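One file, target-v2.txt, is given below (compact mmCIF, C-alpha atoms).
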# COMPACT_ATOMS: atom_id res chain seq x y z
CA MET A 158 -46.32 18.30 18.69
CA THR A 159 -45.99 21.32 20.93
CA ASN A 160 -43.03 23.46 19.96
CA TYR A 161 -41.09 22.90 23.18
CA LYS A 162 -37.71 24.48 23.87
CA PHE A 163 -34.68 22.17 24.05
CA ASN A 164 -34.66 21.42 27.78
CA THR A 165 -38.35 20.55 27.77
CA ALA A 166 -38.15 18.49 24.58
CA ARG A 167 -35.26 16.37 25.87
CA ILE A 168 -37.61 15.08 28.59
CA HIS A 169 -41.04 15.16 26.94
CA GLY A 170 -40.43 15.29 23.19
CA GLY A 171 -42.00 12.57 21.06
CA TYR A 172 -43.88 10.90 23.91
CA ILE A 173 -47.57 10.94 24.81
CA PRO A 174 -48.23 8.96 28.05
CA GLU A 175 -51.87 8.35 27.14
CA GLU A 176 -50.71 6.24 24.20
CA HIS A 177 -48.68 4.01 26.53
CA GLN A 178 -51.00 3.13 29.41
CA ASN A 179 -50.23 6.54 30.98
CA ALA A 180 -46.72 5.44 31.90
CA ALA A 181 -44.71 8.50 32.98
CA GLU A 182 -41.45 6.89 31.83
CA VAL A 183 -41.14 5.54 28.28
CA PRO A 184 -41.89 1.79 28.51
CA ILE A 185 -39.44 -0.78 27.19
CA TYR A 186 -41.28 -2.79 24.55
CA GLN A 187 -38.97 -5.77 24.82
CA ASN A 188 -40.69 -7.96 22.26
CA VAL A 189 -40.07 -9.11 18.72
CA ALA A 190 -43.51 -8.86 17.14
CA PHE A 191 -46.93 -7.27 17.62
CA THR A 192 -50.34 -8.86 17.11
CA LEU A 193 -52.12 -7.66 13.99
CA GLY A 194 -55.77 -8.04 14.93
CA ASP A 195 -58.15 -9.51 12.38
CA ALA A 196 -57.18 -10.46 8.85
CA GLU A 197 -58.46 -7.29 7.19
CA HIS A 198 -56.72 -5.01 9.70
CA ALA A 199 -53.51 -7.02 9.34
CA GLU A 200 -53.51 -6.49 5.57
CA LYS A 201 -53.97 -2.75 6.03
CA ILE A 202 -51.00 -2.67 8.42
CA ALA A 203 -48.87 -4.68 6.00
CA ARG A 204 -49.73 -2.22 3.21
CA GLY A 205 -48.70 0.70 5.42
CA ASN A 206 -52.20 2.14 5.61
CA VAL A 207 -52.49 2.20 9.42
CA PRO A 208 -50.56 5.06 11.06
CA ASN A 209 -48.36 4.26 14.07
CA ALA A 210 -48.92 0.51 13.74
CA TYR A 211 -46.15 -1.94 14.64
CA THR A 212 -45.58 -5.41 13.25
CA TYR A 213 -42.01 -6.52 13.94
CA SER A 214 -39.23 -4.83 15.89
CA ARG A 215 -36.79 -4.94 12.98
CA VAL A 216 -39.24 -2.69 11.13
CA GLY A 217 -40.27 -0.52 14.07
CA ASN A 218 -40.57 -0.57 17.86
CA PRO A 219 -42.47 1.88 20.11
CA THR A 220 -39.56 2.50 22.49
CA VAL A 221 -37.16 3.12 19.62
CA ALA A 222 -39.76 5.33 17.93
CA VAL A 223 -39.84 7.71 20.91
CA LEU A 224 -36.05 8.08 20.72
CA GLU A 225 -36.28 8.78 16.99
CA LYS A 226 -39.00 11.39 17.44
CA ARG A 227 -37.19 13.04 20.33
CA ILE A 228 -33.85 13.39 18.56
CA ALA A 229 -35.57 14.73 15.44
CA ILE A 230 -37.23 17.41 17.59
CA LEU A 231 -33.99 18.30 19.36
CA ASP A 232 -32.08 18.60 16.08
CA GLY A 233 -34.83 20.40 14.19
CA GLY A 234 -35.28 17.58 11.67
CA ILE A 235 -38.39 16.11 10.11
CA GLU A 236 -37.59 12.52 11.08
CA ALA A 237 -34.82 10.33 12.49
CA VAL A 238 -33.88 6.66 12.31
CA ALA A 239 -32.10 4.86 15.14
CA VAL A 240 -29.59 2.14 14.27
CA SER A 241 -27.33 -0.21 16.19
CA SER A 242 -24.13 1.89 16.06
CA GLY A 243 -22.61 5.11 14.82
CA MET A 244 -20.80 3.20 12.09
CA ALA A 245 -24.13 1.78 10.91
CA ALA A 246 -25.44 5.35 10.70
CA ILE A 247 -22.46 6.37 8.56
CA THR A 248 -22.62 3.26 6.36
CA TYR A 249 -26.34 3.41 5.65
CA SER A 250 -26.23 7.14 4.89
CA ILE A 251 -23.31 6.87 2.47
CA LEU A 252 -24.84 3.87 0.70
CA ASN A 253 -28.22 5.58 0.48
CA VAL A 254 -26.85 8.76 -1.06
CA ALA A 255 -24.31 7.15 -3.42
CA GLU A 256 -25.95 3.84 -4.23
CA GLY A 257 -24.79 2.50 -7.57
CA GLY A 258 -21.57 4.50 -7.49
CA GLY A 259 -20.38 8.05 -7.15
CA ARG A 260 -17.92 10.31 -5.35
CA ILE A 261 -18.05 11.97 -1.94
CA ILE A 262 -15.86 14.80 -0.69
CA ALA A 263 -14.59 14.43 2.89
CA PRO A 264 -11.65 15.51 5.09
CA PHE A 265 -8.62 13.37 5.96
CA ASP A 266 -8.95 14.00 9.69
CA LEU A 267 -11.85 11.68 10.42
CA TYR A 268 -12.53 9.03 13.01
CA GLY A 269 -10.22 6.13 12.13
CA ALA A 270 -12.90 3.50 11.42
CA ALA A 271 -14.79 5.92 9.16
CA LEU A 272 -11.64 6.71 7.21
CA ASP A 273 -10.84 3.00 6.93
CA GLU A 274 -14.31 2.36 5.53
CA PHE A 275 -14.02 5.28 3.11
CA LYS A 276 -10.62 4.14 1.83
CA THR A 277 -10.91 0.36 1.76
CA LEU A 278 -14.56 -0.74 1.78
CA PHE A 279 -16.80 1.72 -0.04
CA PRO A 280 -14.64 1.69 -3.21
CA LYS A 281 -15.57 -1.98 -3.55
CA TYR A 282 -19.18 -0.77 -3.94
CA GLY A 283 -18.26 1.83 -6.55
CA ILE A 284 -18.18 4.73 -4.10
CA GLU A 285 -14.96 6.76 -4.17
CA PHE A 286 -13.84 9.57 -1.87
CA ASP A 287 -12.04 12.81 -2.62
CA LEU A 288 -10.20 13.42 0.65
CA VAL A 289 -8.92 16.90 1.53
CA ALA A 290 -6.55 18.22 4.16
CA ASP A 291 -8.74 21.25 4.93
CA ILE A 292 -12.50 20.77 4.59
CA ASN A 293 -12.96 24.53 5.13
CA ASP A 294 -10.99 25.46 2.01
CA LEU A 295 -14.14 26.07 0.00
CA ALA A 296 -12.25 26.91 -3.18
CA VAL A 297 -10.68 23.45 -3.14
CA ILE A 298 -14.05 21.84 -2.39
CA LYS A 299 -15.64 23.62 -5.36
CA ARG A 300 -12.87 22.44 -7.69
CA LEU A 301 -13.34 18.83 -6.55
CA ILE A 302 -17.03 18.71 -7.40
CA LYS A 303 -17.70 16.57 -10.47
CA PRO A 304 -20.90 15.38 -12.19
CA GLU A 305 -20.61 12.11 -10.23
CA THR A 306 -20.22 13.85 -6.84
CA LYS A 307 -23.06 12.74 -4.56
CA ALA A 308 -22.38 14.54 -1.26
CA ILE A 309 -20.01 16.48 0.95
CA TYR A 310 -19.29 14.76 4.27
CA THR A 311 -17.66 16.21 7.38
CA GLU A 312 -17.47 16.04 11.16
CA SER A 313 -18.72 19.18 12.92
CA ILE A 314 -15.82 18.78 15.38
CA SER A 315 -12.94 16.66 14.12
CA ASN A 316 -11.57 13.66 15.96
CA PRO A 317 -9.15 13.99 17.74
CA THR A 318 -7.97 17.60 17.19
CA THR A 319 -11.38 19.34 17.55
CA LYS A 320 -11.16 21.35 14.34
CA ILE A 321 -14.45 23.10 13.56
CA SER A 322 -16.10 22.59 10.16
CA ASP A 323 -17.67 25.63 8.51
CA VAL A 324 -21.07 24.01 8.09
CA ALA A 325 -22.83 27.02 6.56
CA GLY A 326 -20.05 27.53 4.02
CA LEU A 327 -19.97 23.86 3.07
CA ALA A 328 -23.77 23.73 2.81
CA ALA A 329 -23.75 26.64 0.37
CA VAL A 330 -21.15 24.93 -1.83
CA ALA A 331 -23.00 21.60 -1.68
CA HIS A 332 -26.38 23.07 -2.56
CA GLN A 333 -24.95 25.07 -5.45
CA ALA A 334 -23.78 21.73 -6.85
CA GLY A 335 -27.12 20.02 -6.15
CA VAL A 336 -25.73 17.62 -3.52
CA PRO A 337 -26.42 17.29 0.22
CA LEU A 338 -24.15 18.08 3.15
CA ILE A 339 -23.83 15.20 5.62
CA VAL A 340 -22.48 16.12 9.08
CA ASP A 341 -21.33 13.75 11.80
CA ASN A 342 -22.26 15.75 14.92
CA THR A 343 -21.24 13.13 17.50
CA PHE A 344 -18.89 15.26 19.62
CA PRO A 345 -21.09 18.33 20.19
CA THR A 346 -24.48 16.52 20.35
CA PRO A 347 -27.60 18.55 19.48
CA TYR A 348 -27.29 20.37 22.80
CA LEU A 349 -24.14 22.23 21.75
CA PHE A 350 -24.72 22.41 17.99
CA GLN A 351 -27.54 21.81 15.53
CA PRO A 352 -26.09 21.57 12.00
CA LEU A 353 -29.49 21.62 10.28
CA LYS A 354 -29.92 25.26 11.35
CA TYR A 355 -26.86 26.14 9.27
CA GLY A 356 -27.82 24.32 6.10
CA ALA A 357 -26.75 20.71 6.69
CA ASP A 358 -29.12 18.15 5.18
CA ILE A 359 -28.34 14.93 7.06
CA VAL A 360 -26.94 14.71 10.60
CA LEU A 361 -25.34 11.55 12.00
CA TYR A 362 -24.51 10.48 15.55
CA SER A 363 -22.73 7.77 17.34
CA SER A 364 -25.25 8.23 20.13
CA THR A 365 -23.13 5.77 22.10
CA LYS A 366 -21.20 8.92 23.05
CA GLY A 367 -22.47 12.21 24.50
CA ILE A 368 -26.16 11.67 23.75
CA ASN A 369 -26.20 8.59 25.96
CA GLY A 370 -23.44 9.88 28.21
CA HIS A 371 -23.00 6.80 30.38
CA GLY A 372 -21.04 4.30 28.29
CA ASN A 373 -23.68 1.58 28.54
CA ALA A 374 -25.29 1.28 25.08
CA VAL A 375 -23.93 1.20 21.54
CA SER A 376 -26.21 3.08 19.16
CA GLY A 377 -26.42 5.43 16.18
CA LEU A 378 -28.84 8.00 14.81
CA ILE A 379 -29.59 9.51 11.39
CA VAL A 380 -31.55 12.79 11.25
CA ASP A 381 -33.03 14.27 8.08
CA GLY A 382 -33.54 18.03 7.77
CA GLY A 383 -36.22 17.46 5.12
CA LYS A 384 -35.23 20.35 2.85
CA PHE A 385 -33.08 18.68 0.19
CA ASN A 386 -34.64 17.97 -3.20
CA TRP A 387 -33.90 14.30 -3.92
CA ASN A 388 -35.81 14.59 -7.18
CA ASN A 389 -33.20 16.79 -8.87
CA GLY A 390 -31.95 14.12 -11.27
CA LYS A 391 -28.67 13.27 -9.53
CA PHE A 392 -30.08 10.44 -7.39
CA PRO A 393 -31.93 7.89 -9.55
CA GLN A 394 -32.43 5.50 -6.63
CA PHE A 395 -35.08 7.85 -5.28
CA GLN A 396 -37.01 7.83 -8.58
CA GLU A 397 -37.17 4.04 -8.88
CA LYS A 398 -40.61 2.50 -8.48
CA GLU A 399 -40.88 0.55 -5.20
CA PHE A 400 -43.44 -2.20 -5.00
CA ILE A 401 -43.73 -1.84 -1.21
CA LEU A 402 -44.94 1.73 -1.76
CA LYS A 403 -47.43 1.00 -4.51
CA GLU A 404 -50.46 0.54 -2.29
CA VAL A 405 -49.35 3.23 0.16
CA ALA A 406 -49.06 5.76 -2.65
CA ALA A 407 -52.25 4.86 -4.48
CA LYS A 408 -50.86 6.80 -7.43
CA GLU A 409 -48.75 6.23 -10.50
CA ASP A 410 -45.44 7.54 -9.08
CA TYR A 411 -44.70 5.18 -6.23
CA SER A 412 -41.00 5.97 -5.94
CA TYR A 413 -39.58 7.29 -2.67
CA ALA A 414 -39.33 10.79 -4.08
CA GLY A 415 -42.81 10.53 -5.53
CA VAL A 416 -44.42 9.34 -2.31
CA PHE A 417 -42.38 11.15 0.33
CA GLY A 418 -40.92 14.18 -1.44
CA ASN A 419 -38.12 15.79 0.57
CA ALA A 420 -38.46 13.05 3.21
CA ALA A 421 -37.35 10.45 0.65
CA PHE A 422 -33.87 10.00 2.17
CA ILE A 423 -34.92 9.09 5.71
CA LYS A 424 -37.88 6.98 4.57
CA ARG A 425 -35.61 5.00 2.28
CA ILE A 426 -33.08 4.50 5.10
CA LYS A 427 -35.79 3.03 7.27
CA MET A 428 -37.69 1.00 4.70
CA LYS A 429 -34.78 -0.30 2.62
CA TYR A 430 -31.50 -0.26 4.56
CA LEU A 431 -32.70 -0.79 8.10
CA ARG A 432 -35.49 -3.20 7.20
CA LEU A 433 -33.38 -5.25 4.79
CA MET A 434 -29.87 -5.01 6.24
CA GLY A 435 -31.01 -5.10 9.83
CA ALA A 436 -28.67 -2.96 11.99
CA VAL A 437 -31.55 -2.52 14.42
CA LEU A 438 -31.35 -0.71 17.77
CA GLY A 439 -32.88 -2.74 20.59
CA PRO A 440 -35.61 -1.28 22.80
CA PHE A 441 -33.55 -1.53 25.98
CA GLU A 442 -30.67 0.39 24.35
CA ALA A 443 -33.18 2.99 23.15
CA TYR A 444 -34.46 3.32 26.71
CA LEU A 445 -30.93 3.93 27.99
CA GLU A 446 -30.43 6.57 25.30
CA LEU A 447 -33.62 8.30 26.40
CA LEU A 448 -32.42 8.32 30.00
CA GLY A 449 -29.14 9.87 28.88
CA LEU A 450 -30.95 12.59 26.94
CA GLU A 451 -32.86 13.64 30.04
CA THR A 452 -29.66 14.94 31.66
CA ILE A 453 -27.71 16.02 28.57
CA ALA A 454 -27.67 19.76 29.37
CA GLU A 455 -26.49 19.39 32.96
CA ARG A 456 -23.87 16.82 31.99
CA LEU A 457 -22.43 18.78 29.11
CA ASP A 458 -22.46 22.13 30.90
CA LYS A 459 -20.26 20.68 33.63
CA GLU A 460 -18.10 18.58 31.32
CA VAL A 461 -17.45 21.50 28.95
CA ALA A 462 -16.45 23.72 31.88
CA THR A 463 -14.09 21.04 33.17
CA SER A 464 -12.65 20.47 29.69
CA LEU A 465 -11.77 24.15 29.46
CA LYS A 466 -10.05 24.07 32.87
CA ILE A 467 -8.02 21.01 31.85
CA ALA A 468 -7.07 22.58 28.52
CA HIS A 469 -5.83 25.68 30.37
CA TYR A 470 -3.76 23.50 32.70
CA LEU A 471 -2.25 21.56 29.80
CA LYS A 472 -1.35 24.82 28.00
CA GLN A 473 0.96 25.79 30.87
CA GLU A 474 2.28 22.28 31.60
CA PRO A 475 6.00 22.34 30.62
CA HIS A 476 5.97 18.71 29.45
CA VAL A 477 3.14 19.32 26.96
CA LYS A 478 4.10 20.43 23.46
CA ASN A 479 0.67 21.15 21.94
CA VAL A 480 -2.94 21.31 23.11
CA TYR A 481 -5.73 20.77 20.58
CA TYR A 482 -8.97 22.22 21.92
CA THR A 483 -10.69 24.88 19.84
CA GLY A 484 -12.75 25.82 22.88
CA LEU A 485 -9.74 27.76 24.20
CA GLU A 486 -10.07 31.51 23.84
CA ASP A 487 -6.76 31.85 22.01
CA ALA A 488 -7.22 28.76 19.82
CA PRO A 489 -7.53 29.07 16.02
CA GLN A 490 -11.01 29.31 14.44
CA ALA A 491 -12.26 31.83 17.01
CA GLU A 492 -14.85 33.24 14.60
CA LEU A 493 -16.30 29.82 13.79
CA ARG A 494 -16.36 28.94 17.50
CA LYS A 495 -18.32 32.11 18.33
CA LYS A 496 -20.69 31.54 15.42
CA TYR A 497 -21.48 27.87 15.98
CA PHE A 498 -20.55 27.01 19.57
CA PRO A 499 -21.55 29.69 22.10
CA LYS A 500 -22.03 26.99 24.76
CA GLY A 501 -18.68 25.30 24.06
CA ILE A 502 -17.33 22.82 21.54
CA GLY A 503 -17.62 19.70 23.67
CA THR A 504 -15.81 17.43 26.08
CA ILE A 505 -13.00 15.99 23.94
CA LEU A 506 -9.50 17.43 23.67
CA SER A 507 -6.05 16.20 22.71
CA PHE A 508 -2.53 17.06 23.73
CA GLU A 509 0.94 16.14 22.57
CA ILE A 510 3.58 15.18 25.09
CA ALA A 511 6.91 17.01 24.74
CA GLY A 512 8.81 13.78 25.07
CA THR A 513 9.15 10.28 23.71
CA ALA A 514 6.63 7.61 22.77
CA ALA A 515 7.82 5.67 25.82
CA GLN A 516 7.02 8.61 28.09
CA THR A 517 3.58 8.90 26.51
CA LYS A 518 2.90 5.26 27.38
CA LYS A 519 4.02 5.96 30.93
CA VAL A 520 1.46 8.77 31.21
CA VAL A 521 -1.28 6.35 30.12
CA ASP A 522 -0.09 3.77 32.64
CA ALA A 523 0.24 6.27 35.48
CA VAL A 524 -3.19 7.93 35.45
CA LYS A 525 -5.61 6.65 38.08
CA LEU A 526 -8.93 8.39 37.34
CA PHE A 527 -8.75 8.47 33.54
CA LEU A 528 -9.84 5.11 32.17
CA TYR A 529 -7.83 3.80 29.21
CA LEU A 530 -10.44 2.79 26.65
CA PRO A 531 -11.61 3.64 23.10
CA ASN A 532 -14.75 5.67 23.75
CA VAL A 533 -15.77 9.28 24.34
CA GLY A 534 -18.74 11.07 25.89
CA ASP A 535 -18.89 8.93 29.03
CA SER A 536 -19.74 10.27 32.49
CA ARG A 537 -16.28 8.96 33.43
CA SER A 538 -13.11 10.60 32.13
CA LEU A 539 -11.23 8.59 29.50
CA ILE A 540 -7.79 8.61 27.90
CA VAL A 541 -6.46 6.96 24.76
CA ASN A 542 -3.50 7.28 22.40
CA PRO A 543 -5.30 7.52 19.03
CA ASN A 544 -2.34 6.49 16.91
CA LYS A 545 -2.28 3.10 18.66
CA ILE A 546 -5.99 2.49 19.23
CA THR A 547 -8.82 4.55 17.68
CA HIS A 548 -6.96 5.84 14.61
CA ARG A 549 -4.53 3.01 13.95
CA GLU A 550 -6.15 2.44 10.52
CA VAL A 551 -5.23 5.95 9.34
CA PRO A 552 -2.62 5.70 6.55
CA VAL A 553 0.73 7.32 7.26
CA GLU A 554 0.23 9.94 4.55
CA TYR A 555 -2.88 11.23 6.35
CA GLN A 556 -1.58 11.22 9.90
CA ALA A 557 -0.16 14.73 9.75
CA ALA A 558 -3.59 16.20 9.00
CA GLY A 559 -4.83 14.84 12.33
CA HIS A 560 -1.59 15.54 14.22
CA LEU A 561 -1.47 11.82 14.83
CA THR A 562 1.85 11.01 16.48
CA ASP A 563 2.88 8.48 19.10
CA GLN A 564 2.99 11.39 21.58
CA LEU A 565 -0.66 12.42 21.08
CA LEU A 566 -3.20 11.59 23.79
CA ARG A 567 -6.95 12.17 23.57
CA LEU A 568 -9.07 12.93 26.61
CA SER A 569 -12.81 12.62 27.08
CA ILE A 570 -13.86 14.60 30.13
CA GLY A 571 -16.51 13.24 32.47
CA LEU A 572 -18.32 14.43 35.58
CA GLU A 573 -15.53 14.12 38.15
CA ASP A 574 -14.24 17.20 39.99
CA SER A 575 -11.87 19.17 37.77
CA GLU A 576 -9.28 19.48 40.56
CA ASP A 577 -9.03 15.71 40.85
CA LEU A 578 -8.67 15.23 37.10
CA ILE A 579 -5.97 17.89 36.81
CA SER A 580 -4.13 16.40 39.77
CA ASP A 581 -4.29 12.97 38.13
CA LEU A 582 -2.81 14.26 34.87
CA LYS A 583 -0.18 16.34 36.62
CA SER A 584 0.95 13.39 38.70
CA ALA A 585 1.05 11.03 35.71
CA ILE A 586 3.03 13.44 33.53
CA ALA A 587 5.48 14.20 36.35
CA GLN A 588 5.95 10.49 37.00
CA ALA A 589 6.62 9.77 33.32
CA PHE A 590 9.32 12.43 33.08
CA GLU A 591 10.84 11.65 36.49
CA GLU A 592 11.23 8.01 35.45
CA GLU A 593 12.91 9.11 32.21
CA THR A 594 15.34 11.28 34.19
CA ASP A 595 16.06 8.40 36.59
CA ASP A 596 16.72 6.07 33.65
CA LYS A 597 19.20 8.54 32.13
CA ASN A 598 20.96 9.07 35.46
CA GLN A 599 21.30 5.35 35.99
CA GLY A 600 22.69 5.01 32.47
Could I get this structure in the form of structure tokens?
Amino acid sequence: MTNYKFNTARIHGGYIPEEHQNAAEVPIYQNVAFTLGDAEHAEKIARGNVPNAYTYSRVGNPTVAVLEKRIAILDGGIEAVAVSSGMAAITYSILNVAEGGGRIIAPFDLYGAALDEFKTLFPKYGIEFDLVADINDLAVIKRLIKPETKAIYTESISNPTTKISDVAGLAAVAHQAGVPLIVDNTFPTPYLFQPLKYGADIVLYSSTKGINGHGNAVSGLIVDGGKFNWNNGKFPQFQEKEFILKEVAAKEDYSYAGVFGNAAFIKRIKMKYLRLMGAVLGPFEAYLELLGLETIAERLDKEVATSLKIAHYLKQEPHVKNVYYTGLEDAPQAELRKKYFPKGIGTILSFEIAGTAAQTKKVVDAVKLFLYLPNVGDSRSLIVNPNKITHREVPVEYQAAGHLTDQLLRLSIGLEDSEDLISDLKSAIAQAFEEETDDKNQG
């Protein structure tokens, strides 16, 4: 594949028109299965000895394959697997790395559903989590590493307070211990940040969000950097003999590590977890993701600029107590921001109302342009109170780490004019506090 730059690859990467009836746009292969030809050819396909052959859309689909190739190119990975949601991407990756039991180090301040899964579901499969208040405290991370530790997991930009993870520092600690660094890069997307360049091994996305950018398809992606040694003795699942690889390998060691080397992780995701557990991305959803990718730079450039304007407004708004947006020039983590995010940290920010929970609800009810719904990365601007909706599963003892209070509101900034969005917020906040004043006067 030609080594295209980002803005060319987002349109052309992973697609050769001549292989698809010269269609300029990626076709939607909206079918379940593919004819296998004659009996001998069919057996070769079933054994995995025919490159780029398709049999069944749960195993592979040409439209989905283009999305996988394109995102791998954009992120600098060797291969990617598309799945039906961001949570499926997280679940499959954690199971794949810690199958049979183990420990994973992660921060408290995670997306609520991920934290819920880490605390209440994975332990039932023998996978425990060492949760920390500050994922960038590398001394603490080093002390937590045990023989049974299987990975370090983090979000490049935390949800909802936009704290930046020191990916290079965490990667160095992980690799010294012989474990991979897994990074959820949903908020920045590969346009704003590419964790693999700084030592991350596996990158995850809820591509429902900024990659798609239009709020019309649920999807997830797993990208493998292809540099981690899965044959280092800490991950026996990659050394197990796999009968489905025996004829492909045509050699004695037909384990995933033996056949695929450093690509063992992503191949095992596709051939074991996706094939057998079935969280498959449909071809139409993949097509919508590809359309979103074509405009990712223009969308995010505008949305990041608008996010910064709104953060500046909120900083001087007298009824706002705190603004959480590390894209601000005077925000904490300035050095990490300059190092990792020269184009901006993304389109999500949070702020805390200097008032009551009732006033916070009134702000949500009073906005006109901001849609009240649990998503981010849409072309429309969105608002949500995380403590009530997206992070309601977060245990009380962890809420402080994410500044999760009933007065916290999270914004996802879309493509509307910044003046209109600021006016909408200003009017809603003023209305909430005017009503409170009126209530007190009447009392």
Open item on the list: Given only C-alpha atoms as the basis, pick out the residue of A:Asn479, A:Asn188, A:Gln473, A:Ser575 nearest to Gly217 of chain A.
Closed with: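 Comparing A:Asn479, A:Asn188, A:Gln473, A:Ser575 against Gly217 of chain A, the winner is A:Asn188.
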TODO: To one decimal in Å, tell me the separation between atom CA of Ala589 of chain A and atom CA of Ala511 of chain A.
DONE: 11.2 Å
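Each of A:Leu457, A:Ile262, A:Ile510, A:Ile401 was checked against Arg425 of chain A using only C-alpha atoms; the smallest atom-to-atom distance is that of A:Ile401.
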Open item on the list: Using only C-alpha atoms, can you tell me which of A:Val533, A:Ala271, A:Glu256, A:Ala237 comes closest to Gly283 of chain A?
Closed with: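 For Gly283 of chain A, the nearest of the candidates is A:Glu256.
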Open item on the list: Residues near segment 195-203 of chain A, anyone? I mean within 8 Å using all atoms listed in the file, not counting same-chain ones fewer than 6 positions away, as a PyMOL selection string.
Closed with: chain A and resi 210-212
Write the residues of the selection above to a file with C-alpha atoms, as a PDB file, keeping the file's coordinate frame.
ATOM      1  CA  ALA A 210     -48.920   0.510  13.740  1.00  0.00           C
ATOM      2  CA  TYR A 211     -46.150  -1.940  14.640  1.00  0.00           C
ATOM      3  CA  THR A 212     -45.580  -5.410  13.250  1.00  0.00           C
TER       4      THR A 212
END
Task: Protein, DNA and RNA residues within 9 Å of (-34.9, 15.2, 18.7), only C-alpha atoms, as a PyMOL selection string - done: chain A and resi 163+166-167+170-171+224-234+236-237+347+380
Task: Polymer residues at most 8 Å from Ile298 of chain A, only C-alpha atoms, same-chain spacing of 4 or more positions, as a ChimeraX atom specification - done: /A:262,292,294,302,330
Within 10 Å of (-40.3, 13.9, 27.3) (coordinates as in the file), grab all the protein and nucleic acid residues, counting all atoms listed in the file, and write them out as a PDB file with C-alpha atoms, in the frame of the given file.
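Output contents, as saved in selection-v4.pdb:
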ATOM      1  CA  TYR A 161     -41.090  22.900  23.180  1.00  0.00           C
ATOM      2  CA  ASN A 164     -34.660  21.420  27.780  1.00  0.00           C
ATOM      3  CA  THR A 165     -38.350  20.550  27.770  1.00  0.00           C
ATOM      4  CA  ALA A 166     -38.150  18.490  24.580  1.00  0.00           C
ATOM      5  CA  ARG A 167     -35.260  16.370  25.870  1.00  0.00           C
ATOM      6  CA  ILE A 168     -37.610  15.080  28.590  1.00  0.00           C
ATOM      7  CA  HIS A 169     -41.040  15.160  26.940  1.00  0.00           C
ATOM      8  CA  GLY A 170     -40.430  15.290  23.190  1.00  0.00           C
ATOM      9  CA  GLY A 171     -42.000  12.570  21.060  1.00  0.00           C
ATOM     10  CA  TYR A 172     -43.880  10.900  23.910  1.00  0.00           C
ATOM     11  CA  ILE A 173     -47.570  10.940  24.810  1.00  0.00           C
ATOM     12  CA  PRO A 174     -48.230   8.960  28.050  1.00  0.00           C
ATOM     13  CA  ALA A 181     -44.710   8.500  32.980  1.00  0.00           C
ATOM     14  CA  GLU A 182     -41.450   6.890  31.830  1.00  0.00           C
ATOM     15  CA  VAL A 183     -41.140   5.540  28.280  1.00  0.00           C
ATOM     16  CA  VAL A 223     -39.840   7.710  20.910  1.00  0.00           C
ATOM     17  CA  LEU A 224     -36.050   8.080  20.720  1.00  0.00           C
ATOM     18  CA  ARG A 227     -37.190  13.040  20.330  1.00  0.00           C
ATOM     19  CA  LEU A 447     -33.620   8.300  26.400  1.00  0.00           C
ATOM     20  CA  LEU A 450     -30.950  12.590  26.940  1.00  0.00           C
ATOM     21  CA  GLU A 451     -32.860  13.640  30.040  1.00  0.00           C
TER      22      GLU A 451
END
Open item on the list: Give me, as an MDAnalysis selection string, all polymer residues having an atom no more than 9 Å from segment 517-520 of chain A, counting all atoms listed in the file and skipping those fewer than 3 positions away in the same chain.
Closed with: chainID A and resid 509:514 523:524 542 563:566 582 584:590 592
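Shortest separation to Val437 of chain A among A:Phe527, A:Phe191, A:Tyr213, A:Tyr268 occurs at residue A:Tyr213, atoms counted being only C-alpha atoms.
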- [ ] Give me the residues within 12 Å of Phe279 of chain A as a PyMOL selection string, counting only C-alpha atoms and dropping any in the same chain fewer than 2 places off.
- [x] chain A and resi 247-252+255-261+271-277+281-286
- [ ] State, in Å with one decimal place, the distance from atom CA of Thr504 of chain A to atom CA of Asp535 of chain A.
- [x]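 Atom CA of Asp535 of chain A lies at a distance of 9.5 Å from atom CA of Thr504 of chain A.
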TODO: Pick out the closest residue to Ser214 of chain A from this set: A:Lys495, A:Met428, A:Gln516, A:Leu438. Count all atoms listed in the file.
DONE: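 Ranking A:Lys495, A:Met428, A:Gln516, A:Leu438 by distance to Ser214 of chain A, first place goes to A:Leu438.
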Open item on the list: I'd like to know which of A:Ile423, A:Val416, A:Leu530, A:Leu448 is closest to His371 of chain A, using all atoms listed in the file.
Closed with: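 When distances to His371 of chain A are compared using all atoms listed in the file, the smallest one comes from A:Leu448.
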Taking all atoms of segment 322-339 of chain A that the file lists and extending 6 Å past them on each side, where is the centre of the axis-aligned box and how long are its edges? Answer in Å to one decimal, as lines of an AutoDock Vina configuration file.
center_x = -21.6
center_y = 21.4
center_z = 1.7
size_x = 23.0
size_y = 24.3
size_z = 29.0
- [ ] Quote the spacing between atom CA of Lys384 of chain A and atom CA of Gln333 of chain A in Å to one decimal place.
- [x] 14.0 Å
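For Asn369 of chain A, the set of protein, DNA and RNA residues having any atom at most 6 Å away, when counting all atoms listed in the file and skipping those fewer than 4 positions along the same chain, is Ser364, Thr365, Glu446 and Gly449 of chain A.
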